[in-house]
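Enquirer: This is data.cif (mmCIF, C-alpha atoms).
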```cif
data_data
#
loop_
_atom_site.label_atom_id
_atom_site.label_comp_id
_atom_site.auth_asym_id
_atom_site.auth_seq_id
_atom_site.Cartn_x
_atom_site.Cartn_y
_atom_site.Cartn_z
CA MET A 1 -78.78 98.58 -121.87
CA ASN A 2 -75.15 99.31 -122.84
CA SER A 3 -73.55 102.68 -122.07
CA LEU A 4 -73.55 103.88 -125.68
CA HIS A 5 -77.28 103.14 -126.06
CA HIS A 6 -77.93 105.00 -122.79
CA CYS A 7 -75.95 108.04 -123.93
CA LEU A 8 -77.51 108.26 -127.40
CA ASN A 9 -81.02 108.11 -126.00
CA ARG A 10 -80.59 110.36 -122.97
CA PRO A 11 -82.65 113.55 -123.35
CA ILE A 12 -81.45 117.08 -122.72
CA THR A 13 -83.27 118.23 -119.58
CA PRO A 14 -83.95 121.77 -118.35
CA ALA A 15 -81.95 123.01 -115.35
CA THR A 16 -79.35 125.66 -114.47
CA ASN A 17 -75.81 126.92 -115.03
CA LEU A 18 -75.67 127.15 -118.82
CA CYS A 19 -77.21 130.29 -120.27
CA ARG A 20 -78.49 130.84 -123.80
CA PRO A 21 -78.38 134.36 -125.27
CA SER A 22 -82.09 134.68 -124.44
CA GLY A 23 -81.32 134.31 -120.74
CA LYS A 24 -82.93 130.88 -120.48
CA HIS A 25 -80.94 128.26 -118.63
CA VAL A 26 -80.39 124.66 -119.68
CA ARG A 27 -78.46 121.77 -118.25
CA VAL A 28 -76.70 119.56 -120.77
CA ARG A 29 -76.02 116.05 -119.59
CA ALA A 30 -72.82 114.54 -120.91
CA CYS A 31 -72.09 110.86 -121.24
CA ALA A 32 -68.50 110.26 -120.21
CA ASN A 33 -68.54 106.51 -119.73
CA VAL A 34 -68.66 105.34 -123.34
CA GLY A 35 -65.95 102.70 -123.40
CA VAL A 36 -63.53 101.59 -126.10
CA HIS A 37 -64.41 98.11 -127.28
CA ALA A 38 -62.60 95.47 -129.27
CA PRO A 39 -64.06 94.71 -132.72
CA GLY A 40 -67.24 92.69 -132.34
CA SER A 41 -67.60 93.16 -128.58
CA LEU A 42 -70.56 95.54 -128.80
CA LYS A 43 -74.10 94.25 -129.26
CA VAL A 44 -75.76 94.10 -132.65
CA GLY A 45 -77.72 97.25 -133.37
CA VAL A 46 -75.28 99.87 -132.10
CA SER A 47 -74.52 101.06 -135.65
CA LYS A 48 -78.23 101.63 -136.26
CA GLU A 49 -78.54 103.60 -133.02
CA VAL A 50 -75.55 105.80 -133.89
CA MET A 51 -76.87 106.57 -137.38
CA GLU A 52 -80.32 107.41 -136.06
CA ALA A 53 -78.89 109.66 -133.34
CA GLU A 54 -76.72 111.46 -135.89
CA GLY A 55 -79.81 112.19 -137.92
CA ARG A 56 -81.44 113.81 -134.90
CA ILE A 57 -78.61 115.95 -133.54
CA MET A 58 -76.13 116.76 -136.33
CA VAL A 59 -76.45 119.48 -138.96
CA GLY A 60 -77.14 117.66 -142.22
CA THR A 61 -74.05 118.59 -144.19
CA TYR A 62 -72.85 115.05 -144.88
CA ALA A 63 -74.44 112.33 -147.01
CA ARG A 64 -72.64 109.62 -145.10
CA ALA A 65 -72.20 106.03 -146.18
CA PRO A 66 -74.35 103.79 -143.94
CA VAL A 67 -71.50 102.43 -141.86
CA VAL A 68 -70.23 103.29 -138.37
CA LEU A 69 -66.48 102.87 -137.88
CA SER A 70 -65.37 102.29 -134.32
CA SER A 71 -61.79 101.00 -134.48
CA GLY A 72 -58.94 100.40 -136.87
CA LYS A 73 -55.53 98.82 -137.21
CA GLY A 74 -53.18 99.11 -140.15
CA CYS A 75 -55.31 99.19 -143.31
CA LYS A 76 -58.33 97.56 -141.64
CA LEU A 77 -61.36 99.26 -140.08
CA TYR A 78 -64.11 97.72 -137.96
CA ASP A 79 -67.68 98.64 -137.13
CA PRO A 80 -69.20 98.11 -133.65
CA GLU A 81 -70.62 94.75 -134.71
CA GLY A 82 -67.17 93.50 -135.69
CA ARG A 83 -67.43 93.69 -139.49
CA GLU A 84 -64.04 94.24 -141.10
CA TYR A 85 -63.32 96.66 -143.95
CA LEU A 86 -60.21 97.09 -146.06
CA ASP A 87 -59.62 100.85 -146.16
CA LEU A 88 -58.76 102.32 -149.56
CA SER A 89 -60.10 105.75 -148.60
CA SER A 90 -57.66 106.66 -145.79
CA GLY A 91 -60.08 109.21 -144.36
CA ILE A 92 -59.92 110.96 -147.79
CA ALA A 93 -56.16 110.54 -148.29
CA VAL A 94 -55.32 111.46 -144.69
CA ASN A 95 -54.18 108.28 -142.92
CA ALA A 96 -50.89 107.82 -144.75
CA LEU A 97 -49.59 105.49 -142.03
CA GLY A 98 -52.87 103.65 -141.68
CA HIS A 99 -54.60 103.29 -138.33
CA GLY A 100 -52.80 102.92 -135.01
CA ASP A 101 -49.23 103.20 -136.25
CA PRO A 102 -47.09 102.50 -133.14
CA ASP A 103 -44.50 105.23 -133.79
CA TRP A 104 -47.23 107.80 -134.39
CA LEU A 105 -49.06 106.72 -131.24
CA ARG A 106 -45.85 106.93 -129.23
CA ALA A 107 -45.15 110.47 -130.45
CA LEU A 108 -48.72 111.48 -129.69
CA SER A 109 -48.74 109.95 -126.22
CA GLN A 110 -45.39 111.42 -125.23
CA GLN A 111 -46.38 114.90 -126.35
CA ALA A 112 -49.84 114.68 -124.76
CA ASN A 113 -48.11 113.91 -121.47
CA THR A 114 -45.78 116.87 -121.92
CA LEU A 115 -47.62 119.81 -123.51
CA THR A 116 -50.67 119.97 -125.78
CA HIS A 117 -51.50 123.60 -126.55
CA VAL A 118 -50.05 127.04 -125.82
CA SER A 119 -51.27 129.13 -128.82
CA ASN A 120 -49.01 131.17 -131.07
CA VAL A 121 -48.51 133.83 -128.41
CA TYR A 122 -45.52 131.70 -127.37
CA TYR A 123 -42.83 129.59 -129.00
CA SER A 124 -43.07 125.80 -128.91
CA ILE A 125 -40.41 123.25 -129.76
CA PRO A 126 -42.35 120.77 -131.96
CA GLN A 127 -43.66 123.59 -134.18
CA VAL A 128 -40.19 124.92 -134.88
CA GLU A 129 -38.80 121.41 -135.39
CA LEU A 130 -41.53 120.56 -137.88
CA ALA A 131 -40.98 123.81 -139.78
CA LYS A 132 -37.25 123.08 -139.94
CA ARG A 133 -37.93 119.61 -141.34
CA LEU A 134 -40.36 120.89 -143.97
CA VAL A 135 -37.93 123.57 -145.10
CA ALA A 136 -35.07 121.07 -145.22
CA CYS A 137 -36.95 118.70 -147.55
CA SER A 138 -38.63 121.22 -149.86
CA PHE A 139 -38.11 124.32 -152.01
CA ALA A 140 -39.39 126.54 -149.20
CA ASP A 141 -37.61 128.92 -146.87
CA ARG A 142 -40.43 129.50 -144.39
CA VAL A 143 -43.63 127.87 -143.14
CA PHE A 144 -47.00 129.04 -141.85
CA PHE A 145 -49.20 126.50 -140.05
CA SER A 146 -52.98 126.25 -140.20
CA ASN A 147 -55.53 123.62 -139.18
CA SER A 148 -56.74 122.28 -142.54
CA GLY A 149 -56.28 122.38 -146.29
CA THR A 150 -58.89 125.04 -146.88
CA GLU A 151 -57.27 127.22 -144.21
CA ALA A 152 -53.90 126.74 -145.88
CA ASN A 153 -55.37 127.94 -149.17
CA GLU A 154 -57.03 130.91 -147.46
CA ALA A 155 -53.61 131.89 -146.12
CA ALA A 156 -52.09 131.50 -149.58
CA ILE A 157 -54.75 133.82 -151.00
CA LYS A 158 -53.93 136.48 -148.40
CA PHE A 159 -50.18 136.04 -148.86
CA ALA A 160 -50.50 136.42 -152.63
CA ARG A 161 -52.46 139.67 -152.38
CA LYS A 162 -50.16 141.05 -149.69
CA PHE A 163 -47.15 140.13 -151.81
CA GLN A 164 -48.49 142.13 -154.75
CA ARG A 165 -49.15 145.19 -152.59
CA PHE A 166 -45.72 144.89 -150.98
CA SER A 167 -43.98 144.46 -154.34
CA HIS A 168 -45.78 147.40 -155.98
CA PRO A 169 -46.16 150.02 -153.24
CA ASP A 170 -46.64 152.89 -155.69
CA GLU A 171 -49.45 151.26 -157.65
CA LYS A 172 -52.98 152.28 -156.68
CA GLN A 173 -54.33 148.94 -157.86
CA PRO A 174 -51.79 146.09 -157.66
CA ALA A 175 -52.72 142.68 -159.06
CA THR A 176 -55.59 141.09 -157.13
CA GLN A 177 -57.00 138.51 -159.57
CA PHE A 178 -56.60 134.74 -159.36
CA ILE A 179 -56.53 131.94 -161.91
CA SER A 180 -57.89 128.49 -161.12
CA PHE A 181 -58.80 125.57 -163.36
CA THR A 182 -61.59 123.24 -164.36
CA ASN A 183 -62.11 120.25 -162.05
CA SER A 184 -60.24 122.06 -159.28
CA PHE A 185 -60.98 121.74 -155.59
CA HIS A 186 -59.30 124.05 -153.07
CA GLY A 187 -61.67 123.94 -150.09
CA ARG A 188 -65.03 125.09 -148.77
CA THR A 189 -64.32 128.36 -146.93
CA MET A 190 -65.25 131.55 -148.75
CA GLY A 191 -61.92 132.26 -150.42
CA ALA A 192 -60.98 128.66 -151.16
CA VAL A 193 -64.45 127.80 -152.48
CA ALA A 194 -64.18 130.77 -154.84
CA LEU A 195 -61.18 128.97 -156.36
CA THR A 196 -63.12 125.69 -156.62
CA SER A 197 -64.54 125.07 -160.07
CA LYS A 198 -67.67 123.03 -159.30
CA GLU A 199 -70.53 125.50 -159.32
CA HIS A 200 -72.66 123.61 -156.80
CA TYR A 201 -69.99 124.23 -154.14
CA ARG A 202 -70.15 128.00 -154.76
CA SER A 203 -73.66 128.93 -155.86
CA PRO A 204 -75.52 128.54 -152.52
CA PHE A 205 -73.12 131.02 -150.88
CA GLU A 206 -72.70 133.69 -153.53
CA PRO A 207 -71.36 136.25 -153.71
CA VAL A 208 -68.07 134.50 -152.96
CA MET A 209 -64.67 136.17 -153.31
CA PRO A 210 -64.61 137.97 -156.70
CA GLY A 211 -61.74 138.07 -159.15
CA VAL A 212 -61.31 134.38 -160.00
CA THR A 213 -61.12 133.13 -163.59
CA PHE A 214 -61.45 129.41 -164.35
CA LEU A 215 -59.46 128.10 -167.29
CA GLU A 216 -59.27 124.66 -168.84
CA TYR A 217 -56.85 122.47 -166.89
CA GLY A 218 -53.84 121.96 -169.12
CA ASN A 219 -54.59 124.80 -171.56
CA ILE A 220 -51.20 126.46 -171.91
CA GLN A 221 -52.25 129.16 -174.35
CA ALA A 222 -55.25 130.38 -172.34
CA ALA A 223 -53.28 130.51 -169.09
CA THR A 224 -50.31 132.28 -170.64
CA GLU A 225 -52.48 134.89 -172.33
CA LEU A 226 -54.37 135.72 -169.13
CA ILE A 227 -51.23 135.90 -166.99
CA GLN A 228 -49.72 138.29 -169.58
CA CYS A 229 -52.47 140.80 -168.80
CA GLY A 230 -50.54 141.58 -165.62
CA ASN A 231 -53.39 141.66 -163.09
CA THR A 232 -53.05 138.08 -161.77
CA ALA A 233 -51.88 137.94 -158.17
CA ALA A 234 -51.49 134.16 -158.21
CA VAL A 235 -52.26 131.00 -160.14
CA PHE A 236 -53.62 128.12 -158.04
CA VAL A 237 -53.15 124.65 -159.48
CA GLU A 238 -53.12 121.06 -158.27
CA PRO A 239 -50.29 119.06 -159.89
CA ILE A 240 -52.67 116.11 -159.58
CA GLN A 241 -56.37 116.81 -159.13
CA GLY A 242 -57.92 114.52 -156.53
CA GLU A 243 -61.53 115.58 -155.98
CA GLY A 244 -61.70 116.62 -159.64
CA GLY A 245 -61.15 113.07 -160.92
CA ILE A 246 -57.44 112.10 -160.58
CA TYR A 247 -56.14 114.18 -163.47
CA SER A 248 -52.39 114.75 -163.71
CA ALA A 249 -50.89 117.90 -165.13
CA THR A 250 -48.28 117.66 -167.87
CA LYS A 251 -44.76 118.90 -167.34
CA GLU A 252 -45.26 121.33 -170.24
CA PHE A 253 -48.34 122.84 -168.58
CA LEU A 254 -46.71 123.41 -165.19
CA TYR A 255 -43.52 124.69 -166.81
CA SER A 256 -45.51 127.18 -168.91
CA LEU A 257 -47.27 128.45 -165.77
CA ARG A 258 -43.93 128.85 -164.03
CA ARG A 259 -42.43 130.77 -166.93
CA ALA A 260 -45.45 133.07 -167.38
CA CYS A 261 -45.63 133.82 -163.66
CA ASP A 262 -41.93 134.70 -163.63
CA ASP A 263 -42.28 136.94 -166.67
CA PHE A 264 -45.33 138.89 -165.46
CA GLY A 265 -44.99 138.97 -161.67
CA SER A 266 -47.65 136.46 -160.63
CA LEU A 267 -47.12 133.86 -157.92
CA LEU A 268 -47.46 130.16 -158.66
CA VAL A 269 -49.28 128.21 -155.93
CA PHE A 270 -49.28 124.41 -155.91
CA ASP A 271 -52.13 122.92 -153.90
CA GLU A 272 -50.72 119.58 -152.70
CA VAL A 273 -53.25 119.10 -149.93
CA GLN A 274 -54.25 115.69 -151.32
CA CYS A 275 -51.44 114.73 -153.69
CA GLY A 276 -48.45 115.80 -151.57
CA LEU A 277 -46.27 114.10 -148.95
CA GLY A 278 -45.55 110.75 -150.55
CA ARG A 279 -48.92 109.97 -152.10
CA THR A 280 -47.45 109.92 -155.62
CA GLY A 281 -44.28 108.06 -154.69
CA TYR A 282 -42.45 111.39 -154.68
CA LEU A 283 -42.24 113.43 -151.49
CA TRP A 284 -43.99 116.29 -153.28
CA ALA A 285 -46.12 115.74 -156.36
CA HIS A 286 -44.34 118.55 -158.22
CA ASP A 287 -41.01 116.72 -157.79
CA ALA A 288 -42.09 114.48 -160.67
CA TYR A 289 -42.23 117.51 -162.97
CA GLY A 290 -39.12 119.44 -161.95
CA VAL A 291 -41.17 122.64 -161.57
CA VAL A 292 -41.06 124.60 -158.31
CA PRO A 293 -43.81 126.87 -156.94
CA ASP A 294 -43.61 130.09 -154.93
CA ILE A 295 -46.16 128.74 -152.45
CA MET A 296 -47.28 125.19 -151.66
CA THR A 297 -50.25 124.24 -149.48
CA LEU A 298 -50.32 120.99 -147.51
CA ALA A 299 -52.68 119.32 -145.10
CA LYS A 300 -54.33 115.91 -145.27
CA PRO A 301 -51.60 113.34 -144.47
CA LEU A 302 -49.21 115.65 -142.65
CA ALA A 303 -50.20 114.77 -139.08
CA GLY A 304 -51.45 111.25 -139.80
CA GLY A 305 -55.08 111.92 -138.88
CA LEU A 306 -54.91 115.02 -136.71
CA PRO A 307 -56.01 118.40 -138.16
CA ILE A 308 -53.16 120.40 -139.61
CA GLY A 309 -52.38 122.53 -142.64
CA ALA A 310 -49.21 124.20 -143.80
CA VAL A 311 -48.24 126.92 -146.25
CA LEU A 312 -44.67 126.64 -147.52
CA VAL A 313 -43.24 129.80 -149.09
CA THR A 314 -40.04 131.21 -150.52
CA GLU A 315 -38.19 133.99 -148.72
CA ARG A 316 -39.33 136.39 -151.44
CA VAL A 317 -42.96 135.77 -150.49
CA ALA A 318 -42.32 135.68 -146.75
CA THR A 319 -40.66 139.11 -146.86
CA ALA A 320 -44.04 140.63 -147.71
CA ILE A 321 -45.77 139.22 -144.62
CA SER A 322 -45.73 141.21 -141.38
CA PHE A 323 -46.77 140.61 -137.77
CA GLY A 324 -50.55 140.40 -137.56
CA ASP A 325 -51.16 139.81 -141.27
CA HIS A 326 -52.51 136.36 -140.48
CA GLY A 327 -52.79 134.00 -137.54
CA SER A 328 -54.52 131.11 -135.82
CA THR A 329 -55.16 130.10 -132.22
CA PHE A 330 -54.76 126.36 -132.67
CA ALA A 331 -52.42 126.07 -135.65
CA GLY A 332 -49.06 124.43 -135.16
CA GLY A 333 -49.74 123.24 -131.62
CA PRO A 334 -47.20 120.96 -129.91
CA LEU A 335 -49.40 117.86 -130.04
CA VAL A 336 -50.24 117.95 -133.74
CA CYS A 337 -46.72 118.99 -134.75
CA ASN A 338 -45.12 116.12 -132.85
CA ALA A 339 -47.51 113.74 -134.59
CA ALA A 340 -46.50 115.29 -137.93
CA LEU A 341 -42.83 114.80 -137.13
CA ALA A 342 -43.53 111.08 -136.67
CA VAL A 343 -45.26 110.96 -140.06
CA LEU A 344 -42.39 112.76 -141.78
CA ASP A 345 -39.84 110.47 -140.10
CA LYS A 346 -41.53 107.40 -141.53
CA ILE A 347 -42.16 108.76 -145.03
CA LEU A 348 -38.55 109.93 -145.30
CA ARG A 349 -37.11 106.55 -144.29
CA PRO A 350 -34.94 105.00 -147.02
CA GLY A 351 -37.05 102.96 -149.40
CA PHE A 352 -40.45 104.21 -148.24
CA LEU A 353 -41.21 106.41 -151.26
CA ALA A 354 -39.82 103.78 -153.63
CA SER A 355 -42.21 101.25 -152.10
CA VAL A 356 -45.15 103.60 -152.71
CA SER A 357 -44.14 103.89 -156.38
CA LYS A 358 -43.71 100.14 -156.69
CA LYS A 359 -47.04 99.32 -155.06
CA GLY A 360 -48.81 102.00 -157.07
CA LEU A 361 -47.50 100.63 -160.36
CA TYR A 362 -48.40 97.08 -159.32
CA PHE A 363 -51.91 98.11 -158.31
CA LYS A 364 -52.49 100.03 -161.53
CA GLU A 365 -51.42 97.07 -163.63
CA LEU A 366 -53.61 94.79 -161.54
CA LEU A 367 -56.63 97.06 -162.00
CA ILE A 368 -56.10 97.28 -165.74
CA LYS A 369 -55.90 93.50 -165.90
CA LYS A 370 -58.91 92.88 -163.64
CA LEU A 371 -61.20 95.73 -164.67
CA GLY A 372 -59.99 96.81 -168.08
CA GLY A 373 -62.14 94.32 -169.95
CA ASN A 374 -65.37 95.70 -168.53
CA SER A 375 -67.33 97.83 -170.98
CA HIS A 376 -67.99 100.52 -168.35
CA VAL A 377 -64.30 101.09 -167.54
CA LYS A 378 -62.90 103.90 -169.68
CA GLU A 379 -59.49 104.50 -168.08
CA VAL A 380 -57.29 103.62 -165.13
CA ARG A 381 -55.00 106.55 -164.33
CA GLY A 382 -52.88 108.09 -161.59
CA ILE A 383 -49.43 107.84 -160.09
CA GLY A 384 -48.24 106.14 -156.93
CA LEU A 385 -51.15 105.45 -154.62
CA ILE A 386 -53.55 108.06 -155.95
CA ILE A 387 -55.42 106.15 -158.65
CA GLY A 388 -58.64 106.87 -160.51
CA VAL A 389 -60.83 104.45 -162.45
CA GLU A 390 -63.08 106.37 -164.82
CA LEU A 391 -66.42 104.82 -165.71
CA ASP A 392 -69.06 105.71 -168.29
CA VAL A 393 -71.76 105.43 -165.61
CA SER A 394 -72.17 106.48 -161.98
CA ALA A 395 -69.65 104.84 -159.69
CA SER A 396 -72.02 104.79 -156.70
CA PRO A 397 -73.46 101.28 -157.25
CA LEU A 398 -69.95 99.84 -157.37
CA VAL A 399 -68.85 101.81 -154.30
CA ASN A 400 -71.89 100.50 -152.40
CA ALA A 401 -71.32 96.92 -153.52
CA CYS A 402 -67.66 97.09 -152.52
CA ARG A 403 -68.58 98.46 -149.10
CA ASN A 404 -71.05 95.60 -148.59
CA SER A 405 -68.20 93.25 -149.51
CA GLY A 406 -65.76 94.81 -147.04
CA LEU A 407 -63.91 97.38 -149.18
CA LEU A 408 -64.07 101.15 -148.61
CA ILE A 409 -63.45 103.36 -151.66
CA LEU A 410 -64.38 106.89 -152.74
CA THR A 411 -65.69 108.64 -155.81
CA ALA A 412 -64.35 111.72 -157.60
CA GLY A 413 -64.98 113.82 -160.67
CA LYS A 414 -68.65 113.91 -161.61
CA GLY A 415 -69.36 110.82 -159.54
CA ASN A 416 -68.14 108.54 -162.31
CA VAL A 417 -64.56 108.05 -161.09
CA LEU A 418 -63.43 105.60 -158.43
CA ARG A 419 -60.84 107.30 -156.22
CA LEU A 420 -58.40 104.82 -154.67
CA VAL A 421 -56.16 106.40 -152.03
CA PRO A 422 -55.13 103.67 -149.57
CA PRO A 423 -52.72 104.16 -146.66
CA LEU A 424 -49.19 104.33 -148.01
CA ILE A 425 -48.26 101.32 -145.86
CA ILE A 426 -50.69 98.99 -147.63
CA THR A 427 -49.27 95.63 -148.72
CA GLU A 428 -49.37 94.09 -152.17
CA GLN A 429 -51.50 91.28 -150.74
CA GLU A 430 -54.06 93.82 -149.53
CA LEU A 431 -54.03 95.52 -152.93
CA GLU A 432 -54.66 92.14 -154.57
CA HIS A 433 -57.60 91.58 -152.23
CA ALA A 434 -58.99 95.03 -153.09
CA ALA A 435 -58.68 94.37 -156.82
CA GLU A 436 -60.47 91.04 -156.42
CA ILE A 437 -63.40 92.65 -154.57
CA LEU A 438 -63.63 95.36 -157.23
CA PHE A 439 -63.70 92.71 -159.94
CA LYS A 440 -66.37 90.63 -158.22
CA CYS A 441 -68.54 93.71 -157.64
CA LEU A 442 -68.42 94.97 -161.25
CA PRO A 443 -71.89 93.52 -162.08
CA ALA A 444 -73.33 96.16 -159.72
CA LEU A 445 -72.63 98.75 -162.43
CA ASP A 446 -75.24 97.16 -164.67
CA LYS A 447 -77.77 96.51 -161.91
CA GLY A 448 -77.41 99.96 -160.36
CA ASN A 449 -77.47 102.01 -163.58
CA LEU A 450 -80.45 100.43 -165.35
CA ASN A 451 -82.33 103.71 -165.74
#
```
Output the file's structure as structure tokens, nothing else.
Expert:
Amino acid sequence: MNSLHHCLNRPITPATNLCRPSGKHVRVRACANVGVHAPGSLKVGVSKEVMEAEGRIMVGTYARAPVVLSSGKGCKLYDPEGREYLDLSSGIAVNALGHGDPDWLRALSQQANTLTHVSNVYYSIPQVELAKRLVACSFADRVFFSNSGTEANEAAIKFARKFQRFSHPDEKQPATQFISFTNSFHGRTMGAVALTSKEHYRSPFEPVMPGVTFLEYGNIQAATELIQCGNTAAVFVEPIQGEGGIYSATKEFLYSLRRACDDFGSLLVFDEVQCGLGRTGYLWAHDAYGVVPDIMTLAKPLAGGLPIGAVLVTERVATAISFGDHGSTFAGGPLVCNAALAVLDKILRPGFLASVSKKGLYFKELLIKKLGGNSHVKEVRGIGLIIGVELDVSASPLVNACRNSGLLILTAGKGNVLRLVPPLIITEQELEHAAEILFKCLPALDKGNLN
């Protein structure tokens, strides 16, 4: 019996030292000898054991794909039985440098051997260095760190409301309302989910934060008219919607939001959690539009796979925030910030962003050529390496067929959009291989959508 099998099947036995609130004691046995194995070195059946164990002990919040991933290198992932997968999901647009990048690993190892966590009671060097780098390469003057994208958006909500109170001290009721848009996704915590348009994310947890109005994404007139009412604290918008279906804003839309916010005192917040930091071939997605926000939220790719979020703000916004207005125990720790510095170093290397643009354009053209003739394919859209393929049927049969053929992809929108967000380091040869698998798996759309 291998060590992983032994650990997964070991029962929790009664004993002493750990106390539940009821006063009853339990001993929890831990399995610390689960080794790291090369692809294919574990026995057949481990994946099945892991999936069954997950079903017994995890809260059922995830409808996971039936695959266990145990190791990775570059743009390739492996399961315990040694099956290889080409990764075009990047941990949901997180692993910008792929898996096991040597410079990222070196930064992580060096910092882990030096200092991992001190909290925000004290100063730490990597946090300040990362903030300096983010300010130097963006519109922002100051940075607040969090641990995820939804936390970054929660902070932006608080900052926006505090800004309005600070800016209008004599008003009994300063602006507290928010504008968000159709197909938006800003997170799953109570404030961020209130800004998320899909009702099924919100309805089980109502009442969520009140005061949010959803407008049609791209509707200039509706947004301008509502902002003119003067009670909007902030407008939250994704320059490119990821979860919503890979929809890109127009320059005219973002410019109109900027102008209306300036005229009527609202803040403009760009959520670049998924589309920011090189994904589009620009460092920031809004760079393609020439429109600058007051606040920008970041997360997914920033630390290359470790949990981090960031809120970038202008000095005007930062002036409203005082000691104790917000905080986090773990945010901006030395380990994660040093990892993020390694990611930024690589993305900012000469030619890196240009290569993302070039590969993205090549991949889009390849997909149009390979898939465009299929009757179910309505549109191939996106910019850089955030690409959506809209179908007139559910994308799930194609996603499943691709996974069985060694390609990992995601869905978006209403489940009818393929979301392709590979590591930014992917090669053209790997993109060609991905396009070929997609093409060969297209018949699954007919077989899987018969009813």
Enquirer: Could the centre and edge lengths of an axis-aligned box, enclosing all atoms of segment 164-180 of chain A in the file with 6 Å extra on each side, be given in Å to one decimal as lines of an AutoDock Vina configuration file?
Expert:
```
center_x = -50.9
center_y = 140.7
center_z = -156.4
size_x = 25.9
size_y = 36.4
size_z = 22.9
```
Enquirer: So which residues touch Ala331 of chain A within 9 Å, counting only C-alpha atoms, skipping near sequence neighbours fewer than 5 positions away, as a ChimeraX atom specification?
Expert: /A:119-120,144-148,307-310,336
Enquirer: Running the PyMOL selection byres ((chain A and resi 405) around 12) on this model by hand, what would come out? Give it as a ChimeraX atom specification.
Expert: /A:83-87,398-404,406-409,433-434,436-442,444
Enquirer: Would you output that residue set with C-alpha atoms, as a PDB file, keeping the file's coordinate frame?
Expert:
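The new file again27.pdb reads:
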```pdb
ATOM      1  CA  ARG A  83     -67.430  93.690-139.490  1.00  0.00           C
ATOM      2  CA  GLU A  84     -64.040  94.240-141.100  1.00  0.00           C
ATOM      3  CA  TYR A  85     -63.320  96.660-143.950  1.00  0.00           C
ATOM      4  CA  LEU A  86     -60.210  97.090-146.060  1.00  0.00           C
ATOM      5  CA  ASP A  87     -59.620 100.850-146.160  1.00  0.00           C
ATOM      6  CA  LEU A 398     -69.950  99.840-157.370  1.00  0.00           C
ATOM      7  CA  VAL A 399     -68.850 101.810-154.300  1.00  0.00           C
ATOM      8  CA  ASN A 400     -71.890 100.500-152.400  1.00  0.00           C
ATOM      9  CA  ALA A 401     -71.320  96.920-153.520  1.00  0.00           C
ATOM     10  CA  CYS A 402     -67.660  97.090-152.520  1.00  0.00           C
ATOM     11  CA  ARG A 403     -68.580  98.460-149.100  1.00  0.00           C
ATOM     12  CA  ASN A 404     -71.050  95.600-148.590  1.00  0.00           C
ATOM     13  CA  GLY A 406     -65.760  94.810-147.040  1.00  0.00           C
ATOM     14  CA  LEU A 407     -63.910  97.380-149.180  1.00  0.00           C
ATOM     15  CA  LEU A 408     -64.070 101.150-148.610  1.00  0.00           C
ATOM     16  CA  ILE A 409     -63.450 103.360-151.660  1.00  0.00           C
ATOM     17  CA  HIS A 433     -57.600  91.580-152.230  1.00  0.00           C
ATOM     18  CA  ALA A 434     -58.990  95.030-153.090  1.00  0.00           C
ATOM     19  CA  GLU A 436     -60.470  91.040-156.420  1.00  0.00           C
ATOM     20  CA  ILE A 437     -63.400  92.650-154.570  1.00  0.00           C
ATOM     21  CA  LEU A 438     -63.630  95.360-157.230  1.00  0.00           C
ATOM     22  CA  PHE A 439     -63.700  92.710-159.940  1.00  0.00           C
ATOM     23  CA  LYS A 440     -66.370  90.630-158.220  1.00  0.00           C
ATOM     24  CA  CYS A 441     -68.540  93.710-157.640  1.00  0.00           C
ATOM     25  CA  LEU A 442     -68.420  94.970-161.250  1.00  0.00           C
ATOM     26  CA  ALA A 444     -73.330  96.160-159.720  1.00  0.00           C
TER      27      ALA A 444
END
```
Enquirer: Need the shell around Arg133 of chain A: protein/DNA/RNA residues with any atom at most 12 Å away, counting only C-alpha atoms. Skip same-chain ones fewer than 4 positions apart. Format as number ranges by chain?
Expert: A: 126-129, 137-143, 312, 337-338, 340-345, 348
Enquirer: Could you list, with a cut-off of 8 Å and counting only C-alpha atoms, the residues of segment 124-176 of chain A near segment 269-293 of chain A, each shown with its nearest atom pair and the distance in Å rounded to one decimal, rows sorted by chain and ascending number, as a tab-separated table?
Expert:
```
residue	atom	partner	partner_atom	distance
A:Phe139	CA	A:Val292	CA	7.0
A:Gly149	CA	A:Val273	CA	5.8
A:Asn153	CA	A:Asp271	CA	7.6
A:Ala156	CA	A:Val269	CA	7.7
```
Enquirer: Compile the contact shell of Ile92 of chain A as a VMD selection string: residues with an atom at most 9 Å away, counting only C-alpha atoms, same-chain residues fewer than 4 positions apart removed.
Expert: chain A and resid 88 274 300 410 421 to 422
